[in-house]
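Pasting coords_10.cif here (mmCIF, C-alpha atoms and all ligand atoms):
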```cif
data_structure
#
loop_
_atom_site.label_atom_id
_atom_site.label_comp_id
_atom_site.auth_asym_id
_atom_site.auth_seq_id
_atom_site.Cartn_x
_atom_site.Cartn_y
_atom_site.Cartn_z
CA MET A 537 125.17 114.36 82.61
CA GLY A 538 122.99 115.58 85.46
CA LYS A 539 124.16 116.88 88.81
CA VAL A 540 125.13 114.04 91.14
CA VAL A 541 123.00 113.63 94.27
CA LYS A 542 124.13 110.91 96.72
CA VAL A 543 121.70 108.64 98.53
CA GLY A 544 122.22 106.47 101.60
CA ILE A 545 119.70 103.90 102.83
CA ILE A 546 119.52 102.99 106.52
CA GLY A 547 117.87 99.58 106.88
CA PHE A 548 118.58 96.75 104.43
CA GLY A 549 115.39 94.81 105.08
CA THR A 550 112.69 94.03 102.57
CA VAL A 551 111.85 97.61 101.61
CA GLY A 552 115.49 98.73 101.82
CA ALA A 553 116.48 95.99 99.40
CA GLY A 554 113.60 96.96 97.10
CA ALA A 555 114.57 100.63 97.14
CA ALA A 556 118.24 99.79 96.50
CA GLU A 557 117.29 97.57 93.58
CA ASN A 558 114.95 100.19 92.12
CA LEU A 559 117.58 102.95 92.42
CA LEU A 560 120.23 100.78 90.72
CA LYS A 561 117.98 99.20 88.09
CA ASN A 562 116.16 102.37 87.06
CA HIS A 563 119.04 104.79 87.49
CA ASP A 564 118.95 105.77 83.81
CA VAL A 565 115.16 106.28 83.71
CA ILE A 566 115.38 108.51 86.80
CA LEU A 567 118.23 110.47 85.21
CA GLU A 568 116.30 110.87 81.93
CA ARG A 569 113.15 112.07 83.65
CA SER A 570 114.61 114.22 86.40
CA GLY A 571 117.88 115.37 84.89
CA VAL A 572 119.61 114.34 88.13
CA ASP A 573 122.21 111.62 88.54
CA VAL A 574 120.82 109.94 91.67
CA GLN A 575 123.55 107.68 93.01
CA LEU A 576 123.16 105.10 95.76
CA VAL A 577 126.38 105.46 97.75
CA LYS A 578 125.77 103.61 101.01
CA ILE A 579 123.45 101.10 102.68
CA ALA A 580 123.69 100.76 106.45
CA ASP A 581 122.41 97.85 108.51
CA LYS A 582 123.41 95.97 111.65
CA ASP A 583 123.59 92.86 109.48
CA ILE A 584 125.37 93.30 106.16
CA THR A 585 126.16 89.66 105.53
CA THR A 586 122.69 88.20 104.93
CA ASP A 587 121.78 87.85 101.25
CA ARG A 588 118.94 90.35 100.58
CA GLY A 589 118.28 89.07 97.08
CA VAL A 590 119.73 92.14 95.41
CA GLN A 591 123.19 92.53 93.93
CA VAL A 592 124.91 95.58 95.37
CA PRO A 593 128.64 96.36 95.31
CA ALA A 594 130.17 95.31 98.66
CA SER A 595 131.68 98.80 98.98
CA LEU A 596 128.15 100.23 99.51
CA LEU A 597 127.49 98.21 102.66
CA THR A 598 128.32 99.56 106.08
CA THR A 599 127.30 99.08 109.69
CA ASN A 600 128.20 102.69 110.43
CA VAL A 601 125.24 105.06 110.18
CA ASP A 602 127.40 108.12 110.93
CA GLU A 603 129.57 107.33 107.93
CA LEU A 604 126.43 107.06 105.76
CA ILE A 605 125.01 110.37 107.02
CA ALA A 606 128.33 112.10 106.37
CA GLU A 607 128.54 110.87 102.79
CA ALA A 608 124.93 111.08 101.58
CA ASP A 609 122.94 114.13 100.49
CA ILE A 610 119.70 112.21 101.05
CA VAL A 611 119.26 109.78 103.95
CA VAL A 612 116.52 107.17 103.53
CA GLU A 613 115.24 105.73 106.80
CA LEU A 614 113.77 102.25 106.35
CA ILE A 615 114.32 100.55 109.68
CA GLY A 616 110.90 101.28 111.17
CA GLY A 617 109.95 101.72 114.81
CA THR A 618 109.59 104.96 116.70
CA THR A 619 112.83 105.24 118.68
CA ILE A 620 116.15 104.66 116.93
CA ALA A 621 114.66 105.47 113.51
CA GLY A 622 113.63 108.88 114.84
CA ASP A 623 117.07 109.43 116.33
CA PHE A 624 118.76 108.66 113.00
CA ILE A 625 116.39 111.03 111.18
CA LEU A 626 117.11 113.82 113.65
CA LYS A 627 120.84 113.18 113.31
CA ALA A 628 120.59 113.41 109.51
CA LEU A 629 118.48 116.58 109.58
CA ASN A 630 120.76 118.20 112.14
CA ALA A 631 123.66 117.41 109.81
CA GLY A 632 121.80 119.30 107.07
CA LYS A 633 120.81 116.19 105.10
CA ALA A 634 117.46 115.61 103.41
CA VAL A 635 115.46 112.66 104.69
CA VAL A 636 113.02 110.23 103.09
CA THR A 637 111.11 107.83 105.31
CA ALA A 638 108.31 105.28 105.04
CA ASN A 639 107.73 105.29 108.79
CA LYS A 640 104.04 106.06 109.46
CA ALA A 641 104.14 105.18 113.16
CA LEU A 642 107.07 107.52 113.70
CA LEU A 643 105.41 110.36 111.79
CA ALA A 644 102.10 109.88 113.55
CA THR A 645 103.75 109.95 116.98
CA ARG A 646 106.83 112.19 116.57
CA GLY A 647 105.94 114.13 113.40
CA ALA A 648 105.95 117.57 115.02
CA GLU A 649 109.48 117.05 116.36
CA LEU A 650 110.79 115.84 113.00
CA PHE A 651 109.11 118.64 111.03
CA ALA A 652 110.58 121.24 113.39
CA ALA A 653 114.06 119.76 112.88
CA ALA A 654 113.59 119.77 109.10
CA GLU A 655 112.51 123.41 109.19
CA LYS A 656 115.27 124.52 111.54
CA ASN A 657 117.92 122.90 109.34
CA ASN A 658 116.24 123.96 106.07
CA CYS A 659 116.03 120.35 104.87
CA ASP A 660 113.52 118.32 102.94
CA LEU A 661 111.64 115.54 104.72
CA TYR A 662 109.47 113.40 102.44
CA TYR A 663 107.27 110.45 103.42
CA GLU A 664 105.13 109.27 100.48
CA ALA A 665 105.59 105.57 101.33
CA SER A 666 104.10 106.06 104.80
CA VAL A 667 100.52 106.05 103.48
CA ALA A 668 99.09 103.49 101.04
CA GLY A 669 102.48 102.14 99.93
CA GLY A 670 102.97 102.59 96.21
CA ILE A 671 99.98 104.87 95.64
CA PRO A 672 101.15 108.51 95.33
CA VAL A 673 98.38 109.82 97.54
CA ILE A 674 100.46 112.27 99.57
CA LYS A 675 101.81 113.89 96.42
CA ALA A 676 98.26 114.08 95.08
CA LEU A 677 97.00 115.71 98.25
CA ARG A 678 99.86 118.20 98.61
CA GLU A 679 100.42 119.07 94.97
CA GLY A 680 97.82 117.77 92.51
CA LEU A 681 94.90 118.81 94.73
CA VAL A 682 96.55 121.83 96.36
CA SER A 683 93.84 124.23 95.19
CA ASN A 684 91.08 122.22 96.89
CA LYS A 685 89.50 122.45 100.29
CA ILE A 686 89.26 118.79 101.24
CA GLN A 687 85.72 117.84 102.16
CA ARG A 688 86.21 114.17 102.89
CA MET A 689 88.51 111.22 102.39
CA TYR A 690 87.80 107.52 102.63
CA GLY A 691 90.67 105.07 102.80
CA ILE A 692 90.97 101.32 102.56
CA MET A 693 94.60 101.40 103.61
CA ASN A 694 95.45 98.08 105.18
CA GLY A 695 96.06 95.24 102.75
CA THR A 696 96.08 92.61 105.50
CA CYS A 697 92.58 93.54 106.67
CA ASN A 698 91.25 93.91 103.17
CA TYR A 699 92.62 90.48 102.26
CA ILE A 700 91.00 88.91 105.35
CA LEU A 701 87.64 90.62 104.77
CA THR A 702 87.63 89.70 101.08
CA ARG A 703 88.24 86.05 101.91
CA MET A 704 85.70 86.00 104.73
CA GLU A 705 83.06 87.29 102.34
CA ALA A 706 84.00 85.06 99.42
CA GLU A 707 84.27 81.87 101.50
CA GLY A 708 81.61 82.54 104.13
CA ALA A 709 84.43 81.99 106.62
CA ALA A 710 85.03 83.26 110.15
CA PHE A 711 87.72 85.77 111.08
CA GLU A 712 90.07 83.50 113.07
CA PRO A 713 90.68 80.72 110.51
CA VAL A 714 91.15 83.25 107.72
CA LEU A 715 93.62 85.19 109.87
CA LYS A 716 95.55 81.98 110.60
CA ASP A 717 95.68 81.14 106.92
CA ALA A 718 96.75 84.68 106.05
CA GLN A 719 99.58 84.34 108.60
CA ALA A 720 100.64 80.99 107.10
CA LEU A 721 100.68 82.58 103.64
CA GLY A 722 102.68 85.59 104.84
CA TYR A 723 99.88 88.13 104.31
CA ALA A 724 99.50 88.79 108.03
CA GLU A 725 102.14 89.25 110.72
CA ALA A 726 102.64 86.71 113.53
CA ASN A 727 101.38 89.49 115.83
CA PRO A 728 98.55 90.86 113.72
CA SER A 729 97.30 93.47 116.16
CA LEU A 730 98.72 96.56 114.44
CA ASP A 731 96.83 95.61 111.29
CA VAL A 732 93.60 93.92 112.43
CA ASP A 733 92.97 96.21 115.39
CA GLY A 734 93.11 99.22 113.08
CA PHE A 735 96.22 101.03 114.35
CA ASP A 736 98.19 100.82 111.11
CA THR A 737 95.27 102.44 109.28
CA ALA A 738 94.92 104.99 112.07
CA HIS A 739 98.55 106.12 111.62
CA LYS A 740 97.85 106.65 107.93
CA ALA A 741 94.55 108.43 108.58
CA ALA A 742 96.28 110.80 111.03
CA ILE A 743 98.86 111.68 108.38
CA LEU A 744 96.28 112.30 105.63
CA ALA A 745 94.11 114.37 107.98
CA GLY A 746 97.12 116.43 108.99
CA LEU A 747 97.98 117.24 105.41
CA ALA A 748 94.38 118.01 104.48
CA TYR A 749 93.58 120.24 107.44
CA GLY A 750 96.91 121.80 108.43
CA LYS A 751 97.15 120.40 111.92
CA TRP A 752 99.37 117.47 112.85
CA PHE A 753 96.82 115.31 114.63
CA GLY A 754 98.36 112.60 116.76
CA LEU A 755 97.16 109.02 116.90
CA GLU A 756 95.02 109.96 119.90
CA ALA A 757 92.87 112.09 117.57
CA VAL A 758 91.74 108.97 115.74
CA SER A 759 88.78 106.87 116.89
CA VAL A 760 89.99 103.31 116.20
CA GLU A 761 88.17 99.98 115.96
CA GLY A 762 89.45 96.78 114.37
CA ILE A 763 87.83 93.97 112.40
CA ARG A 764 87.79 91.11 114.92
CA ASN A 765 84.06 91.50 115.70
CA ILE A 766 82.74 90.81 112.23
CA THR A 767 81.05 87.41 111.96
CA GLU A 768 80.07 85.23 109.00
CA LEU A 769 76.46 86.26 109.65
CA ASP A 770 77.39 89.94 109.43
CA MET A 771 79.11 89.28 106.11
CA THR A 772 76.07 87.45 104.73
CA MET A 773 73.63 90.08 105.94
CA ALA A 774 75.75 92.93 104.62
CA ALA A 775 75.80 91.26 101.20
CA GLN A 776 72.00 90.79 101.26
CA LEU A 777 71.60 94.47 102.04
CA GLY A 778 73.88 95.42 99.12
CA TYR A 779 76.82 96.35 101.38
CA ARG A 780 80.31 95.05 102.01
CA PHE A 781 82.56 95.37 105.06
CA LYS A 782 85.75 97.38 104.73
CA LEU A 783 88.14 98.60 107.40
CA LEU A 784 87.49 102.20 106.45
CA ALA A 785 89.37 105.33 107.44
CA VAL A 786 86.96 108.26 107.40
CA ILE A 787 88.30 111.81 107.40
CA LYS A 788 85.54 114.37 107.07
CA ASN A 789 85.12 118.08 107.39
CA ILE A 790 81.92 118.50 109.38
CA ALA A 791 81.10 122.20 109.55
CA GLY A 792 84.71 123.21 110.10
CA ALA A 793 85.61 120.40 112.50
CA VAL A 794 87.25 117.12 111.53
CA GLN A 795 86.18 113.53 112.02
CA ILE A 796 89.08 111.06 111.92
CA SER A 797 88.01 107.49 112.46
CA VAL A 798 88.92 103.95 111.52
CA ALA A 799 86.33 101.21 111.86
CA PRO A 800 84.85 98.21 110.10
CA THR A 801 82.19 99.90 108.04
CA LEU A 802 79.49 98.83 105.61
CA ILE A 803 79.86 100.53 102.24
CA PRO A 804 77.84 99.92 99.06
CA ALA A 805 79.15 96.77 97.39
CA ASN A 806 78.67 98.37 93.97
CA SER A 807 80.70 101.49 94.77
CA MET A 808 84.23 101.87 93.43
CA LEU A 809 85.67 101.58 96.94
CA GLY A 810 83.47 98.55 97.54
CA ALA A 811 85.14 96.87 94.59
CA ILE A 812 88.64 97.16 96.07
CA SER A 813 89.45 93.64 97.11
CA GLY A 814 92.30 91.46 98.34
CA VAL A 815 95.51 93.15 99.42
CA PHE A 816 94.82 96.27 97.39
CA ASN A 817 94.33 99.76 98.86
CA GLY A 818 92.03 102.54 97.70
CA VAL A 819 91.74 106.16 98.76
CA MET A 820 88.93 108.51 97.76
CA ILE A 821 89.67 112.20 98.15
CA GLU A 822 86.89 114.71 97.59
CA GLY A 823 87.80 118.35 97.11
CA ASP A 824 85.53 121.36 96.71
CA THR A 825 86.88 122.11 93.23
CA VAL A 826 87.84 118.74 91.74
CA GLY A 827 84.98 116.66 93.20
CA GLN A 828 85.76 113.02 93.84
CA THR A 829 89.08 111.39 92.93
CA LEU A 830 90.03 107.77 93.51
CA PHE A 831 93.47 106.25 93.93
CA TYR A 832 94.02 102.50 93.75
CA GLY A 833 97.01 100.21 94.00
CA ARG A 834 99.28 98.16 96.18
CA GLY A 835 99.55 99.58 99.67
CA ALA A 836 102.31 97.33 100.91
CA GLY A 837 105.09 95.05 99.78
CA ARG A 838 108.71 95.42 98.78
CA ASP A 839 108.43 96.89 95.31
CA ALA A 840 105.29 99.02 95.71
CA THR A 841 106.78 100.67 98.78
CA ALA A 842 110.16 101.03 97.06
CA SER A 843 108.42 102.82 94.17
CA ALA A 844 107.14 105.50 96.57
CA VAL A 845 110.47 105.77 98.40
CA VAL A 846 112.40 106.26 95.17
CA ALA A 847 109.83 108.78 93.90
CA ASP A 848 110.52 110.81 97.06
CA VAL A 849 114.27 110.41 96.62
CA THR A 850 113.95 111.72 93.06
CA ASP A 851 111.79 114.67 94.13
CA VAL A 852 114.29 115.60 96.83
CA ALA A 853 117.21 115.12 94.42
CA MET A 854 115.53 117.52 91.97
CA ASN A 855 115.03 120.03 94.78
CA ILE A 856 118.71 119.81 95.68
CA ALA A 857 119.89 119.97 92.06
CA ASN A 858 117.68 122.96 91.29
CA ASN A 859 118.34 124.86 94.53
CA CYS A 860 114.74 124.68 95.64
CA VAL A 861 115.01 122.70 98.85
CA ARG A 862 111.74 122.74 100.83
CA ARG A 863 109.79 123.56 97.67
CA VAL A 864 107.24 121.25 99.25
CA PRO A 865 107.66 121.67 103.02
CA ALA A 866 107.43 118.57 105.18
CA PHE A 867 104.30 120.02 106.77
CA ARG A 868 102.69 123.44 106.96
CA ALA A 869 100.35 124.20 109.81
CA GLY A 870 97.22 126.12 108.89
CA LYS A 871 96.37 129.37 110.66
CA ASN A 872 93.31 127.91 112.35
CA ASP A 873 93.37 125.37 115.14
CA VAL A 874 90.99 122.87 113.54
CA PRO A 875 88.83 121.16 116.19
CA LEU A 876 88.08 117.47 116.19
CA VAL A 877 84.58 116.06 116.04
CA LYS A 878 84.09 113.41 118.70
CA ILE A 879 82.88 110.20 117.17
CA GLU A 880 79.87 110.29 119.55
CA ASP A 881 78.72 113.45 117.80
CA VAL A 882 78.93 112.05 114.28
CA THR A 883 75.70 111.14 112.50
CA ASN A 884 75.53 107.87 110.57
CA ARG A 885 73.24 105.07 109.64
CA PHE A 886 73.96 101.95 111.70
CA TYR A 887 73.78 98.19 111.39
CA LEU A 888 73.07 96.38 114.66
CA ARG A 889 73.37 92.68 115.38
CA LEU A 890 71.73 91.26 118.47
CA THR A 891 71.21 87.78 119.80
CA VAL A 892 67.72 87.54 121.27
CA LYS A 893 65.61 84.91 123.01
CA GLU A 894 63.10 83.26 120.70
CA GLN A 895 59.97 84.48 122.48
CA THR A 896 57.09 86.85 121.94
CA GLY A 897 57.48 90.55 122.53
CA VAL A 898 61.18 90.77 121.64
CA MET A 899 60.69 93.07 118.65
CA ALA A 900 58.40 95.33 120.65
CA ALA A 901 60.90 95.61 123.51
CA VAL A 902 63.88 96.36 121.26
CA THR A 903 62.10 98.80 118.97
CA GLU A 904 60.62 100.63 121.94
CA VAL A 905 64.12 101.51 123.18
CA LEU A 906 65.09 102.73 119.73
CA ALA A 907 61.94 104.85 119.58
CA GLN A 908 62.77 106.39 122.97
CA TYR A 909 66.04 107.64 121.49
CA GLN A 910 64.30 108.88 118.31
CA ILE A 911 66.16 106.27 116.26
CA SER A 912 64.25 105.36 113.16
CA ILE A 913 64.51 101.83 111.77
CA SER A 914 65.23 101.40 108.08
CA SER A 915 65.02 97.60 108.08
CA LEU A 916 64.76 94.79 110.56
CA MET A 917 65.43 91.09 110.01
CA GLN A 918 65.39 87.85 111.80
CA PRO A 919 67.03 85.65 109.17
CA GLU A 920 64.81 82.79 107.98
CA GLY A 921 66.07 79.41 109.13
CA SER A 922 67.30 80.56 112.53
CA SER A 923 66.37 78.04 115.19
CA GLY A 924 66.97 77.29 118.84
CA ASP A 925 66.36 79.29 122.00
CA GLN A 926 68.45 82.19 120.79
CA VAL A 927 68.28 83.76 117.36
CA PRO A 928 69.96 86.66 115.62
CA LEU A 929 68.17 89.94 115.05
CA LEU A 930 69.53 92.50 112.61
CA ILE A 931 68.52 96.12 112.48
CA VAL A 932 69.52 98.87 110.06
CA THR A 933 68.73 102.38 111.20
CA HIS A 934 68.25 105.72 109.51
CA ALA A 935 70.79 108.43 110.27
CA THR A 936 71.23 109.15 113.96
CA LYS A 937 73.90 110.56 116.25
CA GLU A 938 76.28 107.92 117.53
CA VAL A 939 75.78 109.01 121.13
CA ALA A 940 72.06 108.18 120.87
CA MET A 941 72.91 104.85 119.28
CA GLN A 942 75.38 103.99 122.04
CA GLN A 943 72.92 104.85 124.79
CA ALA A 944 70.15 102.86 123.13
CA ILE A 945 72.47 99.88 122.73
CA LYS A 946 73.39 100.00 126.40
CA GLU A 947 69.71 99.81 127.31
CA ILE A 948 68.93 97.17 124.72
CA ALA A 949 71.76 94.99 126.02
CA GLN A 950 70.12 95.07 129.47
CA LEU A 951 66.75 93.78 128.24
CA ASP A 952 65.92 90.29 129.52
CA CYS A 953 65.22 89.10 126.02
CA VAL A 954 68.65 90.14 124.70
CA CYS A 955 71.61 87.81 125.18
CA GLY A 956 75.17 89.13 125.27
CA ASP A 957 76.57 92.19 123.55
CA VAL A 958 74.97 94.17 120.77
CA ASN A 959 77.33 94.68 117.84
CA MET A 960 77.15 97.96 115.98
CA PHE A 961 78.75 98.94 112.68
CA ARG A 962 78.54 102.26 110.86
CA ILE A 963 77.20 102.50 107.33
CA GLU A 964 78.79 104.96 104.89
CA ASP A 965 76.77 105.43 101.74
CA ILE A 966 79.89 107.01 100.14
N1 LIG B 1001 100.70 96.07 107.14
C1 LIG B 1001 100.21 97.03 106.20
C2 LIG B 1001 99.16 96.38 105.32
C3 LIG B 1001 101.26 97.63 105.33
O1 LIG B 1001 98.81 95.23 105.54
O2 LIG B 1001 98.66 97.05 104.44
C4 LIG B 1001 102.15 98.56 106.05
O3 LIG B 1001 101.43 99.66 106.53
#
```
What would you get if you wrote out this structure as structure tokens?
Amino acid sequence: MGKVVKVGIIGFGTVGAGAAENLLKNHDVILERSGVDVQLVKIADKDITTDRGVQVPASLLTTNVDELIAEADIVVELIGGTTIAGDFILKALNAGKAVVTANKALLATRGAELFAAAEKNNCDLYYEASVAGGIPVIKALREGLVSNKIQRMYGIMNGTCNYILTRMEAEGAAFEPVLKDAQALGYAEANPSLDVDGFDTAHKAAILAGLAYGKWFGLEAVSVEGIRNITELDMTMAAQLGYRFKLLAVIKNIAGAVQISVAPTLIPANSMLGAISGVFNGVMIEGDTVGQTLFYGRGAGRDATASAVVADVTDVAMNIANNCVRRVPAFRAGKNDVPLVKIEDVTNRFYLRLTVKEQTGVMAAVTEVLAQYQISISSLMQPEGSSGDQVPLLIVTHATKEVAMQQAIKEIAQLDCVCGDVNMFRIEDI
């Protein structure tokens, strides 16, 4: 028999129910592999009468979080949000209890405070489920790739966006109807902003960047754009050019400074990341020693998230059982204060979409502005079959600094022959 380590779960929602089920169902497998008898002793929630679809002994359920914290060795926070969840975590850490959480928004906004409390109380604080759900990417970054300087990471880390983009491309459909359908099918939230405006991915990018570069960057360090601007025409043109749109987190070491951005980005359709479709997530991590590694799997959902939560619980239980608490610290700051690269200073190739008047001289006027800013054109298209007074014009550029691109776009948008806004997307050739 292994040493007994007691676990309490705060939050009996979808993920809480999944974690409880996994802990109960796979108790023996966890014991066999870890040598620790990980016992679920309490589940706390405001509502303990609703059927959560998992059979748990009634004696486990409580509405009293204090009682749970007192009894458990490991407190699992699965209520979400950035206020009360943080307070419960601090209470648990201050009581000397280890904590496991899936709460990316809380970590991205209050991480420093929570890490300090974990350190002060000599407790473990694990958070694998906060990034890319069931994919063990945090463990890979902190342990499997520990000997690497991280050069860059690309992440497709929002299943909702990836599902919408995959369907838009496959069906030649517009964003809004696909979003509505995704909401009806339960793939997108009633308020989809956190997902489709890029903030969920930004929380995850901030966490990965922090772990890779030893500085806990807040959400404000991330340049964030969502996917609402992509049209059917963009999808078609991207495909013709051999690219595909992904909501891509980019974390790059650029000469000792770090780019952290989230934006709809064109990536090669035939790349491994380009092949990640539907609700799936993918993360590419490139280290100076290992080269490129790719992680793929379900980034959300009850059981995938529960898998990551219970992996953390088991790690922490092994630390407790083997007297090596904080073997993997919640976060270690590096000795250097790593600067951020402003997105304006990043160099990329760009895809531009303009609506122009169908008249002579348009190409000359537009390309003249680009030339003024030393922006070299890689290809330029007015799709065949366009008709009417206004037609689309698509331009792909060679690599240029974003600041030059933004200034050129501002001028182009003011030309008489250009109607409305100019849409710009970055291209990552991976
Ligand atoms: N809403 C996220 C997604 C999962 O769609 O991938 C939680 O971060």
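A straight line drawn from CA of Thr737 (chain A) to atom O3 of ligand LIG 1001 (chain B) is 7.3 Å long.
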Task: Shell of 10 Å around Ile763 (chain A), all atoms listed in the file, local chain residues under 3 positions omitted, as a ChimeraX atom specification - done: /A:697-698,700-701,711,731-734,766-767,781-783,799-801
- [ ] Rank nothing, just name the residue among A:Pro672, A:Gly835, A:Pro865, A:Pro593 nearest to ligand LIG 1001 (chain B), using all atoms listed in the file.
- [x]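 Distance minimum relative to ligand LIG 1001 (chain B) lands on A:Gly835.
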- [ ] Please measure the separation of CA of Glu649 (chain A) and CA of Ala869 (chain A), giving the value in Å to one decimal.
- [x] 13.3 Å
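The spacing separating CA of Leu560 (chain A) from CA of Ala628 (chain A) amounts to 22.6 Å.
Selecting all polymer residues at most 8 Å from ligand LIG 1001 (chain B), using all atoms listed in the file, gives Lys640, Ser666, Val667, Ala668, Gly669, Met693, Asn694, Gly695, Thr696, Cys697, Tyr723, Ala724, Glu725, Leu730, Asp731, Asp736, Thr737, Lys740, Val815, Asn817, Gly835, Ala836 and Gly837 of chain A.
Comparing A:Asp602, A:Asp957, A:Glu894, A:Glu761 by their smallest distance to Ile796 (chain A), the closest is A:Glu761 (using all atoms listed in the file).
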For the contact check between region 639-685 of chain A and region 605-622 of chain A, emit one row per residue of region 639-685 of chain A within 12 Å, containing the shortest atom pair and the distance in Å rounded to one decimal, counting all atoms listed in the file, chain then rising number order, as a tab-separated table.
```
residue	atom	partner	partner_atom	distance
A:Asn639	CA	A:Gly616	CA	5.6
A:Lys640	CA	A:Gly616	CA	8.5
A:Ala641	CA	A:Thr618	CA	6.5
A:Leu642	CA	A:Thr618	CA	4.7
A:Leu643	CA	A:Thr618	CA	8.4
A:Ala644	CA	A:Thr618	CA	9.5
A:Thr645	CA	A:Thr618	CA	7.7
A:Arg646	CA	A:Thr618	CA	7.7
A:Gly647	CA	A:Gly622	CA	9.4
A:Ala648	CA	A:Gly622	CA	11.6
A:Glu649	CA	A:Gly622	CA	9.3
A:Leu650	CA	A:Gly622	CA	7.7
A:Phe651	CA	A:Gly622	CA	11.4
A:Ala653	CA	A:Gly622	CA	11.1
A:Cys659	CA	A:Ile610	CA	9.7
A:Asp660	CA	A:Ile610	CA	8.9
A:Leu661	CA	A:Ile610	CA	9.5
A:Tyr662	CA	A:Val612	CA	9.5
A:Tyr663	CA	A:Val612	CA	9.8
A:Glu664	CA	A:Val612	CA	12.0
A:Ala665	CA	A:Leu614	CA	10.2
A:Ser666	CA	A:Gly616	CA	10.5
```
Quick one: what's the axis-aligned box for region 937-943 of chain A, all listed atoms, 4 Å on every side, centre and edges in Å to one decimal, as AutoDock Vina command-line options?
```
--center_x 74.2 --center_y 107.3 --center_z 120.5 --size_x 12.2 --size_y 14.6 --size_z 16.5
```
Task: Given all atoms listed in the file as the counted atoms, nearest of A:Ile692, A:Leu567, A:Val760, A:Val846 to Ile812 (chain A) - done: A:Ile692
Task: Who sits within 9 Å of Lys685 (chain A), only C-alpha atoms, same chain under 4 positions skipped, as a ChimeraX atom specification - done: /A:681,748-749,822-825
Open item on the list: Let me make sure I understand: among A:Gly814, A:Ile686, A:Gly792, A:Ala594, which one has the smallest atom-to-atom distance to Thr702 (chain A) if we use only C-alpha atoms?
Closed with: A:Gly814
Open item on the list: Give me the residues near region 546-557 of chain A as a ChimeraX atom specification, where near means some atom within 9 Å (using all atoms listed in the file) and where sequence neighbours in that chain fewer than 3 positions away do not count.
Closed with: /A:560-562,576,578-584,588-592,601,604,611-616,621,624,837-846
Task: Sel. within 10 Å of pt (117.4, 120.6, 87.6), counting all atoms listed in the file, output as a PyMOL selection string - done: chain A and resi 538-539+570-572+853-860
Open item on the list: So that I can check the surroundings of Asp873 (chain A), please list as a PyMOL selection string every protein, DNA and RNA residue that reaches within 10 Å of it, counting only C-alpha atoms and ignoring chain neighbours fewer than 5 positions away.
Closed with: chain A and resi 749-751+793
Open item on the list: Measuring between only C-alpha atoms, which one of A:Met537, A:Leu721, A:Leu951, A:Ala791 shows the shortest distance to Val874 (chain A)?
Closed with: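 Closest candidate: A:Ala791.
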Open item on the list: List as number ranges by chain the protein and nucleic acid residues near Glu964 (chain A), meaning an atom at most 10 Å away when only C-alpha atoms are counted, but skip any in the same chain fewer than 2 places from it.
Closed with: A: 690, 779, 784, 786, 801-804, 884-886, 961-962, 966
Task: Within-12 Å shell of (100.9, 118.6, 94.8) in input frame, all atoms listed in the file, as a list in words - done: Glu664, Pro672, Val673, Ile674, Lys675, Ala676, Leu677, Arg678, Glu679, Gly680, Leu681, Val682, Ser683, Asn684, Leu747, Ala748, Asp851, Arg863, Val864 and Pro865 of chain A
